[in-house]
>>> print(open('input31.txt').read())   # compact mmCIF, C-alpha atoms (C1' of nucleotides)
# COMPACT_ATOMS: atom_id res chain seq x y z
CA MET I 257 -57.16 -93.83 -62.60
CA THR I 258 -60.72 -94.77 -63.41
CA ARG I 259 -61.22 -96.30 -60.07
CA SER I 260 -64.90 -96.79 -59.61
CA GLU I 261 -66.95 -95.50 -62.44
CA SER I 262 -69.29 -98.45 -62.33
CA ALA I 263 -70.50 -98.12 -58.78
CA GLY I 264 -72.92 -95.34 -59.50
CA GLY I 265 -70.61 -92.52 -58.55
CA ARG I 266 -67.17 -91.41 -59.42
CA ARG I 267 -65.88 -90.71 -55.98
CA GLY I 268 -62.39 -90.03 -57.14
CA ASP I 269 -63.57 -86.81 -58.69
CA LEU I 270 -66.52 -86.05 -56.56
CA PHE I 271 -64.64 -86.13 -53.39
CA ASP I 272 -62.00 -83.56 -54.05
CA PRO I 273 -64.02 -80.57 -55.22
CA LEU I 274 -66.78 -80.97 -52.70
CA CYS I 275 -64.61 -81.56 -49.72
CA PRO I 276 -61.65 -79.33 -48.97
CA THR I 277 -61.52 -81.00 -45.60
CA ARG I 278 -60.67 -84.26 -47.28
CA GLN I 279 -57.78 -82.60 -49.05
CA LEU I 280 -56.54 -81.08 -45.85
CA LEU I 281 -56.82 -84.35 -43.99
CA ASP I 282 -54.87 -86.09 -46.67
CA ARG I 283 -52.07 -83.65 -45.98
CA VAL I 284 -52.32 -83.52 -42.23
CA GLY I 285 -52.80 -87.25 -42.12
CA ALA I 286 -49.55 -87.78 -43.95
CA LYS I 287 -47.18 -89.31 -41.53
CA TRP I 288 -44.82 -86.45 -40.86
CA THR I 289 -46.65 -83.34 -41.97
CA SER I 290 -48.19 -82.40 -38.67
CA MET I 291 -44.97 -82.90 -36.81
CA ALA I 292 -43.06 -80.78 -39.23
CA VAL I 293 -45.64 -78.04 -38.87
CA LYS I 294 -45.49 -78.32 -35.12
CA VAL I 295 -41.71 -78.11 -34.98
CA LEU I 296 -41.60 -75.23 -37.41
CA ALA I 297 -44.35 -73.46 -35.51
CA GLU I 298 -42.50 -73.88 -32.25
CA ALA I 299 -39.39 -72.38 -33.76
CA ALA I 300 -41.26 -69.52 -35.43
CA PRO I 301 -40.48 -66.85 -36.29
CA ASP I 302 -37.00 -68.32 -36.52
CA GLU I 303 -35.97 -70.51 -39.38
CA LEU I 304 -34.69 -74.02 -39.06
CA ARG I 305 -32.09 -75.74 -41.14
CA PHE I 306 -32.71 -79.10 -42.74
CA ALA I 307 -30.40 -80.92 -40.36
CA GLU I 308 -31.86 -79.16 -37.38
CA LEU I 309 -35.34 -80.18 -38.41
CA ARG I 310 -34.17 -83.68 -38.82
CA ARG I 311 -32.72 -83.65 -35.35
CA ARG I 312 -35.96 -82.35 -33.91
CA ILE I 313 -38.01 -85.04 -35.59
CA PRO I 314 -36.53 -88.26 -34.28
CA GLY I 315 -37.12 -91.20 -36.52
CA ILE I 316 -37.70 -89.33 -39.76
CA SER I 317 -35.56 -90.30 -42.71
CA GLN I 318 -34.01 -87.59 -44.80
CA LYS I 319 -36.10 -88.73 -47.68
CA MET I 320 -39.33 -88.24 -45.81
CA LEU I 321 -38.20 -84.96 -44.36
CA SER I 322 -37.34 -83.77 -47.82
CA VAL I 323 -40.63 -84.95 -49.26
CA THR I 324 -42.61 -83.49 -46.39
CA LEU I 325 -40.93 -80.12 -46.63
CA GLN I 326 -41.41 -80.05 -50.36
CA SER I 327 -45.10 -80.54 -50.02
CA LEU I 328 -45.32 -77.89 -47.34
CA VAL I 329 -43.49 -75.48 -49.59
CA ARG I 330 -45.59 -76.49 -52.54
CA ASP I 331 -48.73 -75.82 -50.54
CA GLY I 332 -47.41 -72.46 -49.50
CA LEU I 333 -47.39 -73.49 -45.86
CA ALA I 334 -43.63 -73.14 -45.59
CA GLU I 335 -40.87 -71.19 -47.27
CA ARG I 336 -37.45 -72.35 -48.28
CA ARG I 337 -34.39 -70.15 -48.23
CA VAL I 338 -31.04 -71.26 -49.56
CA GLU I 339 -27.78 -69.67 -48.56
CA PRO I 340 -25.49 -70.10 -51.54
CA THR I 341 -22.57 -71.10 -49.39
CA VAL I 342 -20.47 -74.21 -49.80
CA PRO I 343 -21.82 -76.45 -48.55
CA PRO I 344 -25.26 -74.90 -48.97
CA ALA I 345 -27.39 -74.08 -45.97
CA VAL I 346 -31.11 -74.45 -46.47
CA HIS I 347 -33.54 -72.86 -44.07
CA TYR I 348 -37.25 -73.39 -43.63
CA ARG I 349 -39.92 -71.44 -41.86
CA LEU I 350 -43.70 -71.45 -41.85
CA THR I 351 -45.56 -68.86 -43.85
CA ASP I 352 -48.47 -67.03 -42.29
CA LEU I 353 -50.71 -69.59 -43.89
CA GLY I 354 -48.73 -72.38 -42.27
CA LEU I 355 -48.82 -70.64 -38.94
CA SER I 356 -52.57 -70.24 -39.19
CA LEU I 357 -52.88 -73.99 -39.49
CA GLU I 358 -51.16 -74.45 -36.18
CA GLY I 359 -54.21 -73.29 -34.25
CA PRO I 360 -56.57 -76.02 -35.46
CA LEU I 361 -53.77 -78.56 -35.27
CA ALA I 362 -52.99 -77.58 -31.72
CA ALA I 363 -56.65 -78.00 -30.85
CA LEU I 364 -56.57 -81.50 -32.25
CA ARG I 365 -53.39 -82.24 -30.34
CA GLN I 366 -55.03 -80.95 -27.20
CA TRP I 367 -57.99 -83.20 -27.74
CA ALA I 368 -55.73 -86.16 -28.39
CA GLU I 369 -53.74 -85.65 -25.24
CA THR I 370 -56.92 -85.34 -23.25
CA HIS I 371 -58.84 -88.25 -24.69
CA MET I 372 -56.57 -90.78 -26.36
CA ALA I 373 -55.97 -92.64 -23.13
CA GLN I 374 -59.71 -93.16 -22.90
CA ILE I 375 -59.83 -94.36 -26.46
CA GLU I 376 -57.04 -96.83 -25.91
CA HIS I 377 -58.90 -98.03 -22.87
CA ASN I 378 -62.05 -98.47 -24.92
CA ASN I 379 -60.08 -100.49 -27.42
CA ARG I 380 -58.77 -102.79 -24.75
CA LEU I 381 -62.29 -103.32 -23.50
CA ALA I 382 -63.38 -104.21 -27.00
CA ASP I 383 -60.53 -106.69 -27.25
CA GLU I 384 -61.74 -108.42 -24.13
CA ILE I 385 -65.45 -108.71 -24.67
CA GLY I 386 -65.21 -109.08 -28.42
CA PRO I 387 -62.97 -112.16 -28.78
CA THR I 388 -64.40 -113.68 -25.62
CA MET D 58 -37.66 -100.65 -36.96
CA THR D 59 -35.47 -98.04 -35.43
CA ARG D 60 -38.39 -96.26 -33.93
CA SER D 61 -37.22 -93.53 -31.73
CA GLU D 62 -36.19 -95.35 -28.64
CA SER D 63 -33.61 -92.72 -28.14
CA ALA D 64 -36.24 -90.04 -28.08
CA GLY D 65 -37.02 -89.10 -24.55
CA GLY D 66 -40.60 -87.88 -24.50
CA ARG D 67 -43.73 -89.84 -25.20
CA ARG D 68 -46.63 -87.61 -24.36
CA GLY D 69 -46.66 -84.44 -26.38
CA ASP D 70 -44.00 -85.79 -28.66
CA LEU D 71 -45.85 -86.48 -31.78
CA PHE D 72 -42.72 -87.96 -33.21
CA ASP D 73 -43.29 -91.07 -31.24
CA PRO D 74 -45.82 -93.51 -32.62
CA LEU D 75 -47.09 -93.75 -29.07
CA CYS D 76 -47.88 -90.09 -29.18
CA PRO D 77 -51.62 -89.57 -28.76
CA THR D 78 -51.72 -87.03 -31.55
CA ARG D 79 -50.17 -89.47 -33.97
CA GLN D 80 -52.73 -92.07 -33.06
CA LEU D 81 -55.56 -89.62 -33.41
CA LEU D 82 -54.31 -88.48 -36.78
CA ASP D 83 -54.10 -92.05 -37.94
CA ARG D 84 -57.80 -92.36 -37.15
CA VAL D 85 -58.93 -88.99 -38.36
CA GLY D 86 -56.73 -89.33 -41.41
CA ALA D 87 -58.51 -92.53 -42.35
CA LYS D 88 -60.46 -91.82 -45.45
CA TRP D 89 -64.00 -91.81 -44.12
CA THR D 90 -63.71 -91.32 -40.40
CA SER D 91 -64.06 -87.57 -40.28
CA MET D 92 -66.94 -87.62 -42.71
CA ALA D 93 -68.76 -90.20 -40.64
CA VAL D 94 -68.19 -88.19 -37.48
CA LYS D 95 -69.44 -85.08 -39.17
CA VAL D 96 -72.60 -86.71 -40.42
CA LEU D 97 -73.30 -88.35 -37.09
CA ALA D 98 -72.62 -85.09 -35.29
CA GLU D 99 -75.00 -83.23 -37.54
CA ALA D 100 -77.72 -85.72 -36.80
CA ALA D 101 -77.06 -85.78 -33.06
CA PRO D 102 -78.71 -86.41 -30.76
CA ASP D 103 -80.70 -88.52 -33.17
CA GLU D 104 -79.50 -91.87 -34.37
CA LEU D 105 -78.90 -92.81 -37.96
CA ARG D 106 -79.43 -96.12 -39.59
CA PHE D 107 -76.74 -97.77 -41.62
CA ALA D 108 -78.46 -97.13 -44.94
CA GLU D 109 -79.18 -93.56 -44.00
CA LEU D 110 -75.53 -92.97 -43.17
CA ARG D 111 -74.58 -94.49 -46.43
CA ARG D 112 -76.89 -92.14 -48.25
CA ARG D 113 -75.43 -89.17 -46.45
CA ILE D 114 -71.86 -90.07 -47.28
CA PRO D 115 -71.74 -89.96 -51.04
CA GLY D 116 -69.33 -92.40 -52.53
CA ILE D 117 -68.71 -94.64 -49.56
CA SER D 118 -68.98 -98.37 -50.09
CA GLN D 119 -70.83 -100.43 -47.57
CA LYS D 120 -67.65 -102.17 -46.67
CA MET D 121 -65.89 -98.96 -45.80
CA LEU D 122 -68.90 -97.64 -43.95
CA SER D 123 -69.03 -100.82 -41.97
CA VAL D 124 -65.33 -100.75 -41.23
CA THR D 125 -65.40 -97.07 -40.34
CA LEU D 126 -68.33 -97.45 -38.00
CA GLN D 127 -66.75 -100.43 -36.34
CA SER D 128 -63.64 -98.52 -35.53
CA LEU D 129 -65.67 -95.60 -34.23
CA VAL D 130 -67.58 -97.97 -31.99
CA ARG D 131 -64.41 -99.70 -30.95
CA ASP D 132 -62.88 -96.37 -30.01
CA GLY D 133 -65.95 -95.50 -28.03
CA LEU D 134 -66.71 -92.57 -30.28
CA ALA D 135 -69.96 -94.04 -31.46
CA GLU D 136 -72.57 -96.47 -30.20
CA ARG D 137 -74.38 -99.16 -32.07
CA ARG D 138 -77.94 -100.19 -31.37
CA VAL D 139 -79.61 -103.11 -33.04
CA GLU D 140 -83.34 -103.53 -33.28
CA PRO D 141 -83.96 -107.26 -33.34
CA THR D 142 -86.49 -106.99 -36.11
CA VAL D 143 -86.43 -108.90 -39.34
CA PRO D 144 -84.65 -107.61 -41.19
CA PRO D 145 -82.59 -106.02 -38.44
CA ALA D 146 -82.32 -102.25 -38.15
CA VAL D 147 -79.00 -100.97 -36.91
CA HIS D 148 -78.67 -97.49 -35.53
CA TYR D 149 -75.60 -95.43 -34.76
CA ARG D 150 -75.02 -92.29 -32.81
CA LEU D 151 -72.01 -90.49 -31.43
CA THR D 152 -71.12 -90.85 -27.79
CA ASP D 153 -70.21 -87.80 -25.76
CA LEU D 154 -66.60 -88.58 -26.52
CA GLY D 155 -67.35 -88.63 -30.20
CA LEU D 156 -69.26 -85.40 -29.96
CA SER D 157 -66.36 -83.77 -28.18
CA LEU D 158 -64.17 -84.57 -31.13
CA GLU D 159 -66.45 -82.65 -33.40
CA GLY D 160 -65.21 -79.32 -32.06
CA PRO D 161 -61.58 -79.73 -33.10
CA LEU D 162 -62.64 -81.42 -36.32
CA ALA D 163 -65.00 -78.58 -37.13
CA ALA D 164 -62.14 -76.14 -36.55
CA LEU D 165 -60.04 -78.06 -39.02
CA ARG D 166 -62.91 -78.14 -41.49
CA GLN D 167 -63.34 -74.43 -41.06
CA TRP D 168 -59.68 -73.86 -41.75
CA ALA D 169 -59.86 -76.09 -44.79
CA GLU D 170 -62.84 -74.32 -46.26
CA THR D 171 -61.17 -71.00 -45.70
CA HIS D 172 -57.73 -71.82 -47.00
CA MET D 173 -57.76 -74.83 -49.28
CA ALA D 174 -58.53 -72.75 -52.32
CA GLN D 175 -55.38 -70.78 -51.59
CA ILE D 176 -53.41 -73.99 -51.20
CA GLU D 177 -54.67 -75.36 -54.47
CA HIS D 178 -53.74 -72.09 -56.05
CA ASN D 179 -50.26 -72.33 -54.58
CA ASN D 180 -49.96 -75.77 -56.04
CA ARG D 181 -50.89 -74.61 -59.49
CA LEU D 182 -48.29 -71.88 -59.22
CA ALA D 183 -45.71 -74.46 -58.27
CA ASP D 184 -46.70 -76.52 -61.27
CA GLU D 185 -46.04 -73.59 -63.55
CA ILE D 186 -42.80 -72.19 -62.32
CA GLY D 187 -41.41 -75.54 -61.27
CA PRO D 188 -41.50 -77.49 -64.58
CA THR D 189 -40.77 -74.34 -66.53
C1' DC L 217 -81.14 -104.74 -44.36
C1' DC L 218 -76.54 -105.15 -42.40
C1' DG L 219 -72.06 -106.77 -42.53
C1' DA L 220 -68.22 -110.41 -43.18
C1' DA L 221 -65.02 -112.24 -46.28
C1' DT L 222 -62.20 -112.19 -50.34
C1' DC L 223 -59.44 -110.36 -53.95
C1' DC L 224 -56.40 -107.07 -55.58
C1' DC L 225 -54.49 -102.62 -56.89
C1' DC L 226 -51.67 -98.89 -55.74
C1' DC L 227 -49.77 -95.50 -52.68
C1' DT L 228 -47.15 -94.46 -48.61
C1' DG L 229 -43.09 -94.48 -46.56
C1' DG L 230 -38.71 -96.93 -45.00
C1' DA L 231 -33.67 -98.29 -46.34
C1' DT L 232 -30.01 -97.44 -49.13
C1' DA L 233 -26.91 -95.32 -52.41
C1' DC L 234 -25.55 -91.53 -55.30
C1' DT L 235 -24.93 -86.32 -56.84
C1' DG L 236 -23.52 -81.27 -56.20
C1' DC P 240 -24.87 -80.44 -45.85
C1' DA P 241 -29.06 -81.00 -48.73
C1' DG P 242 -31.46 -83.40 -51.98
C1' DT P 243 -32.51 -87.10 -55.51
C1' DA P 244 -33.22 -91.80 -57.27
C1' DT P 245 -34.24 -96.59 -56.75
C1' DC P 246 -36.03 -100.53 -54.69
C1' DC P 247 -39.37 -102.75 -52.02
C1' DA P 248 -42.66 -104.24 -48.17
C1' DG P 249 -47.05 -103.22 -45.90
C1' DG P 250 -51.46 -101.75 -45.70
C1' DG P 251 -55.47 -98.89 -46.96
C1' DG P 252 -59.34 -99.08 -49.38
C1' DG P 253 -62.17 -100.21 -53.64
C1' DA P 254 -65.28 -103.93 -56.04
C1' DT P 255 -67.57 -108.01 -55.37
C1' DT P 256 -69.77 -111.88 -53.23
C1' DC P 257 -71.73 -114.61 -49.60
C1' DG P 258 -74.27 -115.06 -44.97
C1' DG P 259 -77.82 -114.19 -41.41
>>> encode(input="input31.txt", output="structure tokens")
Amino acid sequence: MTRSESAGGRRGDLFDPLCPTRQLLDRVGAKWTSMAVKVLAEAAPDELRFAELRRRIPGISQKMLSVTLQSLVRDGLAERRVEPTVPPAVHYRLTDLGLSLEGPLAALRQWAETHMAQIEHNNRLADEIGPT
Amino acid sequence: MTRSESAGGRRGDLFDPLCPTRQLLDRVGAKWTSMAVKVLAEAAPDELRFAELRRRIPGISQKMLSVTLQSLVRDGLAERRVEPTVPPAVHYRLTDLGLSLEGPLAALRQWAETHMAQIEHNNRLADEIGPT
DNA sequence: CCGAATCCCCCTGGATACTG
DNA sequence: CAGTATCCAGGGGGATTCGG
């Protein structure tokens, strides 16, 4: 990718190794990841089927659900279990690792619910005095 | 756009784009936001100048630093103070609101530092057995 | 010194259609 | 039912340049 080798620092490389937080945020910041984790965490320790997950995440496309679940599985945050029936039934559940992420995520959610109204308010203020 | 107008809940439903958590994640997920908050939080209660911030955030361009700081200020997470000297000296510091975000963010950082190595390992495993 | 403006690449994620 | 493949629009964010 050779993005920015001229600017005195290759941030493409330097960012990943030094900052696990960045990596995590890239995942959590992905549009549907945190919701999937939340829904799976709420259901835990039960499993959820693909269609059930989809129903519990209104607005998600099956492509994005599929992609999101794949990356969770790939990261070891979730596990996939296939029942070899016809048609196949695929179940997902969080691993312990995935469950352990719920704590920090819940804290962030808590903060958001407490403070986002204030932030939106601040933004509206900025829209008034700024453009004026 | 087929949002999720059928979905009942707003608050606490992070499926909905209006959900506070979604909005927060969009901010925190922005590439440099969390890093800027961290650096500002570490310096608190002292202020940091623009150039100093830039030095403490390896790899950031001045455009992105500018943009990031603007959105922090706009959200009321940070404050901007200009000394009308020539050339001007611009200082930033977190507001109380911004500081209060540091807690949850630090928790996430903590989680990342503890578990990201495991996640990367999981990914390498997936790369081996998958393509095989 | 600080930041606004511009250009542009590329990645995310949405819609749709097709397999097993 | 579950997942894959393709196409495509939008926007984030990097480099660069100009302004005060």
>>> closest_atom_pairs(input="input31.txt", of="chain L", to="chain I", cutoff="12 Å", atoms="all atoms listed in the file", output="CSV")
residue,atom,partner,partner_atom,distance
L:DC225,C1',I:Arg259,CA,9.8
L:DC226,C1',I:Met257,CA,10.1
L:DC227,C1',I:Ala286,CA,11.7
L:DT228,C1',I:Ala286,CA,8.5
L:DG229,C1',I:Met320,CA,7.3
L:DG230,C1',I:Ser317,CA,7.7
L:DA231,C1',I:Ser317,CA,9.0
L:DT232,C1',I:Lys319,CA,10.7
L:DG236,C1',I:Pro343,CA,9.2
>>> calpha_fit_and_write(input="input31.txt", fixed="chain D", moving="chain I", output="CSV table (one decimal) with C-alpha atoms, in the coordinates of the input")
chain,number,residue,atom,x,y,z
I,257,MET,CA,-42.3,-102.8,-34.0
I,258,THR,CA,-38.9,-101.6,-32.9
I,259,ARG,CA,-38.9,-99.0,-35.6
I,260,SER,CA,-36.2,-96.6,-34.8
I,261,GLU,CA,-34.4,-97.3,-31.6
I,262,SER,CA,-31.0,-96.5,-33.1
I,263,ALA,CA,-31.7,-92.9,-34.1
I,264,GLY,CA,-31.3,-91.5,-30.7
I,265,GLY,CA,-35.0,-91.5,-29.8
I,266,ARG,CA,-37.8,-94.0,-29.8
I,267,ARG,CA,-40.4,-91.9,-31.4
I,268,GLY,CA,-42.9,-94.7,-31.7
I,269,ASP,CA,-43.3,-94.6,-27.9
I,270,LEU,CA,-42.5,-91.0,-27.3
I,271,PHE,CA,-45.0,-89.7,-29.6
I,272,ASP,CA,-48.1,-91.2,-28.3
I,273,PRO,CA,-48.0,-90.3,-24.6
I,274,LEU,CA,-46.7,-86.8,-25.1
I,275,CYS,CA,-49.1,-85.9,-27.8
I,276,PRO,CA,-52.8,-86.5,-27.6
I,277,THR,CA,-53.2,-84.3,-30.6
I,278,ARG,CA,-51.2,-86.8,-32.7
I,279,GLN,CA,-53.6,-89.6,-31.6
I,280,LEU,CA,-56.6,-87.5,-32.5
I,281,LEU,CA,-55.2,-86.5,-35.8
I,282,ASP,CA,-54.5,-90.1,-36.6
I,283,ARG,CA,-58.2,-90.7,-36.1
I,284,VAL,CA,-59.6,-87.6,-37.8
I,285,GLY,CA,-57.1,-88.0,-40.5
I,286,ALA,CA,-58.4,-91.5,-41.3
I,287,LYS,CA,-60.1,-91.3,-44.6
I,288,TRP,CA,-63.7,-91.5,-43.6
I,289,THR,CA,-63.8,-90.7,-39.9
I,290,SER,CA,-64.5,-87.0,-40.2
I,291,MET,CA,-67.2,-87.6,-42.7
I,292,ALA,CA,-68.9,-90.1,-40.6
I,293,VAL,CA,-68.8,-87.8,-37.7
I,294,LYS,CA,-70.2,-85.0,-39.8
I,295,VAL,CA,-73.1,-87.0,-41.1
I,296,LEU,CA,-73.9,-88.4,-37.7
I,297,ALA,CA,-73.7,-84.9,-36.2
I,298,GLU,CA,-76.0,-83.6,-38.9
I,299,ALA,CA,-78.6,-86.3,-38.1
I,300,ALA,CA,-78.3,-85.9,-34.4
I,301,PRO,CA,-80.1,-86.5,-32.1
I,302,ASP,CA,-81.6,-89.0,-34.5
I,303,GLU,CA,-80.0,-92.3,-35.2
I,304,LEU,CA,-78.9,-93.5,-38.6
I,305,ARG,CA,-79.0,-97.0,-39.9
I,306,PHE,CA,-76.0,-98.6,-41.5
I,307,ALA,CA,-77.5,-98.5,-45.0
I,308,GLU,CA,-78.6,-94.9,-44.5
I,309,LEU,CA,-75.1,-93.9,-43.5
I,310,ARG,CA,-73.7,-95.6,-46.5
I,311,ARG,CA,-76.1,-93.8,-48.7
I,312,ARG,CA,-75.1,-90.5,-47.2
I,313,ILE,CA,-71.4,-91.1,-47.7
I,314,PRO,CA,-71.1,-91.6,-51.4
I,315,GLY,CA,-68.1,-93.6,-52.4
I,316,ILE,CA,-67.5,-95.5,-49.1
I,317,SER,CA,-67.4,-99.2,-49.2
I,318,GLN,CA,-69.3,-101.2,-46.7
I,319,LYS,CA,-66.0,-102.5,-45.3
I,320,MET,CA,-64.7,-99.0,-44.6
I,321,LEU,CA,-68.0,-97.9,-43.2
I,322,SER,CA,-68.0,-100.8,-40.9
I,323,VAL,CA,-64.4,-100.3,-39.9
I,324,THR,CA,-64.9,-96.6,-39.4
I,325,LEU,CA,-68.0,-97.0,-37.3
I,326,GLN,CA,-66.3,-99.7,-35.2
I,327,SER,CA,-63.5,-97.3,-34.3
I,328,LEU,CA,-65.9,-94.6,-33.5
I,329,VAL,CA,-67.8,-96.9,-31.2
I,330,ARG,CA,-64.6,-98.2,-29.7
I,331,ASP,CA,-63.5,-94.6,-29.0
I,332,GLY,CA,-66.8,-93.9,-27.4
I,333,LEU,CA,-67.6,-91.3,-30.0
I,334,ALA,CA,-70.6,-93.2,-31.3
I,335,GLU,CA,-73.1,-95.7,-30.0
I,336,ARG,CA,-74.4,-98.8,-31.7
I,337,ARG,CA,-77.9,-100.1,-31.2
I,338,VAL,CA,-79.2,-103.3,-32.7
I,339,GLU,CA,-82.8,-104.1,-33.2
I,340,PRO,CA,-83.1,-107.9,-32.9
I,341,THR,CA,-85.4,-108.1,-35.8
I,342,VAL,CA,-84.9,-110.3,-38.9
I,343,PRO,CA,-83.1,-109.0,-40.7
I,344,PRO,CA,-81.4,-107.0,-38.0
I,345,ALA,CA,-81.5,-103.2,-38.0
I,346,VAL,CA,-78.4,-101.5,-36.7
I,347,HIS,CA,-78.5,-97.9,-35.7
I,348,TYR,CA,-75.7,-95.5,-34.9
I,349,ARG,CA,-75.7,-92.1,-33.2
I,350,LEU,CA,-73.0,-89.9,-31.8
I,351,THR,CA,-72.4,-89.8,-28.1
I,352,ASP,CA,-72.0,-86.5,-26.3
I,353,LEU,CA,-68.3,-87.0,-26.6
I,354,GLY,CA,-68.7,-87.4,-30.4
I,355,LEU,CA,-70.9,-84.4,-30.6
I,356,SER,CA,-68.3,-82.3,-28.8
I,357,LEU,CA,-65.8,-83.2,-31.4
I,358,GLU,CA,-68.0,-81.7,-34.1
I,359,GLY,CA,-67.3,-78.1,-33.0
I,360,PRO,CA,-63.5,-78.3,-33.6
I,361,LEU,CA,-64.1,-80.3,-36.7
I,362,ALA,CA,-66.6,-77.8,-38.0
I,363,ALA,CA,-64.0,-75.0,-37.4
I,364,LEU,CA,-61.5,-76.9,-39.5
I,365,ARG,CA,-64.1,-77.4,-42.2
I,366,GLN,CA,-64.9,-73.7,-42.1
I,367,TRP,CA,-61.2,-72.9,-42.5
I,368,ALA,CA,-60.8,-75.3,-45.3
I,369,GLU,CA,-63.8,-73.9,-47.2
I,370,THR,CA,-62.4,-70.4,-46.8
I,371,HIS,CA,-58.8,-71.0,-47.6
I,372,MET,CA,-58.3,-74.2,-49.6
I,373,ALA,CA,-58.9,-72.4,-52.9
I,374,GLN,CA,-56.0,-70.1,-52.0
I,375,ILE,CA,-53.8,-73.1,-51.1
I,376,GLU,CA,-54.6,-74.8,-54.4
I,377,HIS,CA,-53.7,-71.6,-56.1
I,378,ASN,CA,-50.4,-71.4,-54.3
I,379,ASN,CA,-49.7,-75.0,-55.4
I,380,ARG,CA,-50.3,-74.1,-59.0
I,381,LEU,CA,-47.9,-71.2,-58.7
I,382,ALA,CA,-45.3,-73.5,-57.2
I,383,ASP,CA,-45.8,-75.8,-60.1
I,384,GLU,CA,-45.1,-73.1,-62.6
I,385,ILE,CA,-42.1,-71.4,-61.1
I,386,GLY,CA,-40.6,-74.5,-59.6
I,387,PRO,CA,-40.3,-76.7,-62.7
I,388,THR,CA,-39.5,-73.7,-64.9
>>> closest_residue(input="input31.txt", among="I:Ala345, I:Leu357, I:Ala307, I:Leu281", to="Lys294 of chain I", atoms="all atoms listed in the file")
I:Leu357
>>> closest_atom_pairs(input="input31.txt", of="chain P", to="chain I", cutoff="9 Å", atoms="all atoms listed in the file", output="CSV")
residue,atom,partner,partner_atom,distance
P:DC240,C1',I:Pro343,CA,5.7
P:DA241,C1',I:Pro344,CA,7.2
P:DG242,C1',I:Ser322,CA,7.2
P:DT243,C1',I:Lys319,CA,8.8
P:DG253,C1',I:Ser260,CA,7.4
P:DA254,C1',I:Ser260,CA,8.0
>>> write_last_selection(input="input31.txt", atoms="C-alpha atoms (C1' of nucleotides)", output="mmCIF file, keeping the file's coordinate frame")
data_model
loop_
_atom_site.group_PDB
_atom_site.id
_atom_site.type_symbol
_atom_site.label_atom_id
_atom_site.label_comp_id
_atom_site.auth_asym_id
_atom_site.auth_seq_id
_atom_site.Cartn_x
_atom_site.Cartn_y
_atom_site.Cartn_z
ATOM 1 C "C1'" DC P 240 -24.870 -80.440 -45.850
ATOM 2 C "C1'" DA P 241 -29.060 -81.000 -48.730
ATOM 3 C "C1'" DG P 242 -31.460 -83.400 -51.980
ATOM 4 C "C1'" DT P 243 -32.510 -87.100 -55.510
ATOM 5 C "C1'" DG P 253 -62.170 -100.210 -53.640
ATOM 6 C "C1'" DA P 254 -65.280 -103.930 -56.040
#
>>> closest_atom_pairs(input="input31.txt", of="chain I", to="chain D", cutoff="6 Å", atoms="all atoms listed in the file", output="CSV")
residue,atom,partner,partner_atom,distance
I:Arg267,CA,D:Gly116,CA,5.2
I:Pro276,CA,D:Ala169,CA,5.6
I:Thr277,CA,D:Arg166,CA,5.2
I:Leu281,CA,D:Gly86,CA,5.6
I:Gly285,CA,D:Gly86,CA,4.5
I:Pro314,CA,D:Ser61,CA,5.9
I:Gly315,CA,D:Ser61,CA,5.3
I:Arg330,CA,D:Asn180,CA,5.6
I:Asp331,CA,D:Ile176,CA,5.1
I:Gly332,CA,D:Asn179,CA,5.8
I:Pro360,CA,D:Leu165,CA,5.4
I:Ala363,CA,D:Pro161,CA,5.7
I:Leu364,CA,D:Pro161,CA,5.4
I:Arg365,CA,D:Thr78,CA,5.2
I:Ala368,CA,D:Thr78,CA,5.2
I:Glu369,CA,D:Pro77,CA,5.7
I:Met372,CA,D:Pro77,CA,5.6
I:Ile375,CA,D:Asp132,CA,5.1
I:Asn378,CA,D:Asp132,CA,5.6
I:Asn379,CA,D:Asp132,CA,5.6
>>> atom_distance(input="input31.txt", atom1="atom CA of Leu321 of chain I", atom2="atom C1' of DA248 of chain P")
20.2 Å
>>> decode(input="input31.txt", residues="segment 337-344 of chain I", atoms="N, CA and C atoms", output="short mmCIF file (atom, residue, chain, number, x, y, z; two decimals), in the first residue's frame")
data_model
loop_
_atom_site.label_atom_id
_atom_site.label_comp_id
_atom_site.auth_asym_id
_atom_site.auth_seq_id
_atom_site.Cartn_x
_atom_site.Cartn_y
_atom_site.Cartn_z
N ARG I 337 -21.20 -22.96 15.03
CA ARG I 337 -21.50 -24.39 15.10
C ARG I 337 -22.56 -24.72 14.05
N VAL I 338 -22.26 -25.68 13.21
CA VAL I 338 -23.17 -26.03 12.13
C VAL I 338 -23.84 -27.35 12.42
N GLU I 339 -25.14 -27.38 12.36
CA GLU I 339 -25.86 -28.64 12.44
C GLU I 339 -26.06 -29.13 11.01
N PRO I 340 -25.52 -30.29 10.74
CA PRO I 340 -25.52 -30.81 9.37
C PRO I 340 -26.89 -31.32 8.94
N THR I 341 -27.88 -30.55 9.22
CA THR I 341 -29.24 -30.91 8.79
C THR I 341 -29.47 -30.35 7.39
N VAL I 342 -30.63 -30.64 6.84
CA VAL I 342 -31.01 -30.03 5.58
C VAL I 342 -32.39 -29.41 5.71
N PRO I 343 -32.43 -28.10 5.63
CA PRO I 343 -31.32 -27.16 5.42
C PRO I 343 -30.48 -27.01 6.67
N PRO I 344 -29.24 -26.59 6.51
CA PRO I 344 -28.32 -26.47 7.64
C PRO I 344 -28.75 -25.40 8.64
#
